[in-house]
Amino acid sequence: MGDRTEAILFPDGEAIRQQGGSGQMNGRSPMSALFEELDYQVTPMGAISLRRRRDLSTGQDIFEIKLNDEFLMSSKFTRSEKALATHALSELPGKALDVVVGGLGLGYTAVTALRNQNVRSMLVVDVFRPVIDWHERGLLPLGSELAQDERCRFVEGDFFAMARAPETGFDPQDPGCRFDAILLDIDHSPHHVLRSSNGALYTPQGLQILAEHLRPHGVFALWSNDPEDTDFTGRLRAAFGVARAEPVVFHNPLQDRDAVQCVYLAHKRADAA
């Protein structure tokens with residue numbers, strides 16, 4: 001846990017100092033603050049922080065995760081994260097589904113998947129130990145629901161490295177096992193990746209290897225902050241057999257315009273191994 005301090009300005013103009021992750025703010029209740037840094041830690045990929053701020057337009061608390069100076073996610077806009085799980089699992093008619101979620105984040109994709117009663121088991125893979133800890137410690141609103149459900153298990157690891165190795169796969173307790181669905185929400189898009197090494201997954205060869213982790217008829221679903229790239233949809237189709245993109249449109253009041261994101265959906269061929 002970091003020891004950074006930040007100045008917080010209240011409506012009455014009083015500025016106080018906040019100790020990162022301390023939970024105490026010079027006698028004021030943390031929930032009365034307009035801003036609070038809940039945790040700050042240094043990782044091999046840089047400094048990662050969890051912040052809570054009060055949205056003055058709604059009175060609601062907004063949770064945000066930053067990596068260095070880049071915002072990774074915010075609880076203000078979660079429609080597409082939920083749509084990732086909803087679209088993917090609606091493609092699978094069977095029950096007793098085994099699911100992998102790549103990227104824990106604030107937990108919206110994982111919780112949406114877990115609320116589907118057809119899900120038998122779910123692994124959530126995240127490279128950041130602090131993010132897993134935030135959920136297990138209950139610092140995030142959805143953390144307890146995920147941590148207390150026996151169907152859900154957190155796995156600390158590099159999703160992209162695991163994807164390159166079907167012989168070991170995503171489950172350290174069951175190497176090489178296959179899944180009914182893989183839901184991925186880590187990079188901003190196939191062309192805007194957090195690490196350059198992640199880009200190999202989105203190549204024709206990378207997608208073909210990823211398909212080996214799925215059972216026949218299995219579904220790979222990918223969140224993208226951008227509208228559909230038809231060239232990438234074609235790459236998915238070549239690797240899996242059937243693919244399409246579902247647009248996700250919502251109003252962004254910060255920019256006073258509609259935001260257009262998408263969820264890519266790819267079905268593994270029935271005759272594939």
# chains A, B, ... in the order shown; residues from 1 in each chain; ligands from 1
$ closest_atom_pairs --of "region 62-108 of chain A" --to "region 184-192 of chain A" --cutoff "7 Å" --atoms "only C-alpha atoms" --output "CSV"
residue,atom,partner,partner_atom,distance
A:Val101,CA,A:Leu184,CA,5.9
A:Gly102,CA,A:Leu184,CA,4.5
A:Gly103,CA,A:Ile186,CA,5.2
$ residues_around --residues "Arg137 (chain A)" --least-positions-apart "5" --cutoff "12 Å" --atoms "only C-alpha atoms" --output "PyMOL selection string"
chain A and resi 38-39+130-132+142-148
$ atom_distance --atom1 "CA of Gly199 (chain A)" --atom2 "CA of Pro216 (chain A)"
25.1 Å
$ closest_residue --among "A:Asp133, A:Leu114, A:Ala88, A:Val119" --to "Ala243 (chain A)" --atoms "only C-alpha atoms"
A:Ala88
$ atom_distance --atom1 "CA of Phe35 (chain A)" --atom2 "CA of Val127 (chain A)"
26.4 Å
$ atom_distance --atom1 "CA of Leu50 (chain A)" --atom2 "CA of Leu106 (chain A)"
9.7 Å
